[in-house]
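Heads up, the thing below is written out as structure tokens.
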Amino acid sequence: MNTIAQLLLPFAEVAIHVAGTLLFALGAIAAKKAADWLNLSAEAKVRGYFLEALDRAIAYAEDAASKRLQLAGMTSPANTGPVYDAAESIVGDAAAYLRGRVPDAMARLNIGAIGLEEIIRARRAQK
């Protein structure tokens, strides 16, 4: 019996080392997946507050354009003619609002000036 234990002891040591290595590898994989999930979660939060700011920016810009139209005696963007382009004014005002309020989100989401204007136009078209 003693000789069988002596024969199996080196195999048991190797098995323990292999099991430890496997557990370490599984832990590393789990840590990587958790880090990826947290990074995606953080990006989703940034995207969420950017979209909230986008909606506020559009509402602010539309309100400002409406006030400009009222001051000029015009009742709707259709009556503005070539003098005042309300749609482009809204895009410009909303873009300025976003650049001032959420520059960090724009940088993290890699949104440039032209892309920002396209996002604003698309969001307005959805409403």
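As shown in the structure tokens, the chain order sets the letters A, B, ...; within each chain, residues go from 1, and ligands are also counted from 1 in the order they appear.
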*Contact residues around Gln126 of chain A with only C-alpha atoms at 12 Å, ignoring same-chain residues under 6 positions, as a PyMOL selection string*: chain A and resi 55+58+119-120
*Can you list, as a ChimeraX atom specification, every residue of segment 22-106 of chain A that DSSP puts in alpha helix (DSSP H)?*
/A:22-71,86-101,103-106
Selection export as an mmCIF file, in the first residue's frame, atoms kept: C-alpha atoms:
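again_34.cif was written with the following content:
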data_model
loop_
_atom_site.group_PDB
_atom_site.id
_atom_site.type_symbol
_atom_site.label_atom_id
_atom_site.label_comp_id
_atom_site.auth_asym_id
_atom_site.auth_seq_id
_atom_site.Cartn_x
_atom_site.Cartn_y
_atom_site.Cartn_z
ATOM 1 C CA LEU A 22 -6.699 25.609 -15.363
ATOM 2 C CA LEU A 23 -8.389 27.526 -12.553
ATOM 3 C CA PHE A 24 -6.059 30.470 -13.117
ATOM 4 C CA ALA A 25 -6.849 30.448 -16.860
ATOM 5 C CA LEU A 26 -10.586 30.268 -16.198
ATOM 6 C CA GLY A 27 -10.276 33.159 -13.750
ATOM 7 C CA ALA A 28 -8.412 35.229 -16.329
ATOM 8 C CA ILE A 29 -11.102 34.532 -18.940
ATOM 9 C CA ALA A 30 -13.845 35.475 -16.474
ATOM 10 C CA ALA A 31 -12.000 38.691 -15.568
ATOM 11 C CA LYS A 32 -11.667 39.593 -19.260
ATOM 12 C CA LYS A 33 -15.371 39.004 -19.865
ATOM 13 C CA ALA A 34 -16.266 41.113 -16.835
ATOM 14 C CA ALA A 35 -14.002 43.922 -18.031
ATOM 15 C CA ASP A 36 -15.556 43.780 -21.511
ATOM 16 C CA TRP A 37 -19.048 43.846 -20.031
ATOM 17 C CA LEU A 38 -18.189 46.800 -17.799
ATOM 18 C CA ASN A 39 -16.687 48.691 -20.724
ATOM 19 C CA LEU A 40 -19.796 48.060 -22.825
ATOM 20 C CA SER A 41 -21.924 49.116 -19.899
ATOM 21 C CA ALA A 42 -19.949 52.354 -19.550
ATOM 22 C CA GLU A 43 -20.257 53.060 -23.278
ATOM 23 C CA ALA A 44 -23.994 52.407 -23.115
ATOM 24 C CA LYS A 45 -24.276 54.928 -20.273
ATOM 25 C CA VAL A 46 -22.346 57.525 -22.282
ATOM 26 C CA ARG A 47 -24.530 56.879 -25.319
ATOM 27 C CA GLY A 48 -27.633 57.159 -23.116
ATOM 28 C CA TYR A 49 -26.744 60.523 -21.662
ATOM 29 C CA PHE A 50 -25.656 61.768 -25.083
ATOM 30 C CA LEU A 51 -29.072 60.846 -26.524
ATOM 31 C CA GLU A 52 -30.815 62.578 -23.612
ATOM 32 C CA ALA A 53 -28.714 65.685 -24.226
ATOM 33 C CA LEU A 54 -29.474 65.417 -27.950
ATOM 34 C CA ASP A 55 -33.212 65.517 -27.271
ATOM 35 C CA ARG A 56 -32.784 68.498 -24.922
ATOM 36 C CA ALA A 57 -30.598 70.264 -27.495
ATOM 37 C CA ILE A 58 -33.166 69.816 -30.248
ATOM 38 C CA ALA A 59 -35.989 71.032 -28.002
ATOM 39 C CA TYR A 60 -33.903 74.070 -27.001
ATOM 40 C CA ALA A 61 -32.992 74.866 -30.626
ATOM 41 C CA GLU A 62 -36.562 74.433 -31.864
ATOM 42 C CA ASP A 63 -37.803 76.751 -29.137
ATOM 43 C CA ALA A 64 -35.149 79.341 -30.023
ATOM 44 C CA ALA A 65 -36.048 79.111 -33.736
ATOM 45 C CA SER A 66 -39.728 79.488 -32.936
ATOM 46 C CA LYS A 67 -38.995 82.628 -30.897
ATOM 47 C CA ARG A 68 -36.896 84.035 -33.753
ATOM 48 C CA LEU A 69 -39.735 83.389 -36.196
ATOM 49 C CA GLN A 70 -42.249 85.067 -33.894
ATOM 50 C CA LEU A 71 -39.999 88.099 -33.488
ATOM 51 C CA ALA A 86 -35.073 77.575 -39.606
ATOM 52 C CA ALA A 87 -34.054 73.936 -40.078
ATOM 53 C CA GLU A 88 -30.363 74.797 -40.429
ATOM 54 C CA SER A 89 -30.624 77.241 -37.541
ATOM 55 C CA ILE A 90 -32.030 74.454 -35.373
ATOM 56 C CA VAL A 91 -29.189 72.135 -36.402
ATOM 57 C CA GLY A 92 -26.575 74.799 -35.655
ATOM 58 C CA ASP A 93 -28.089 75.760 -32.291
ATOM 59 C CA ALA A 94 -28.469 72.125 -31.232
ATOM 60 C CA ALA A 95 -24.878 71.368 -32.260
ATOM 61 C CA ALA A 96 -23.593 74.343 -30.271
ATOM 62 C CA TYR A 97 -25.657 73.216 -27.272
ATOM 63 C CA LEU A 98 -24.185 69.710 -27.430
ATOM 64 C CA ARG A 99 -20.604 70.899 -27.926
ATOM 65 C CA GLY A 100 -20.973 73.029 -24.824
ATOM 66 C CA ARG A 101 -22.778 70.489 -22.643
ATOM 67 C CA PRO A 103 -17.993 67.366 -25.187
ATOM 68 C CA ASP A 104 -16.742 64.343 -23.244
ATOM 69 C CA ALA A 105 -19.499 62.113 -24.611
ATOM 70 C CA MET A 106 -18.852 63.359 -28.140
#
_Using Å and a single decimal, report how far atom CA of Lys127 of chain A sits from atom CA of Ile111 of chain A._
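Computing the Euclidean distance for atom CA of Ile111 of chain A and atom CA of Lys127 of chain A yields 21.4 Å.
For the pair atom CA of Asp85 of chain A and atom CA of Glu117 of chain A, the separation is 14.9 Å.
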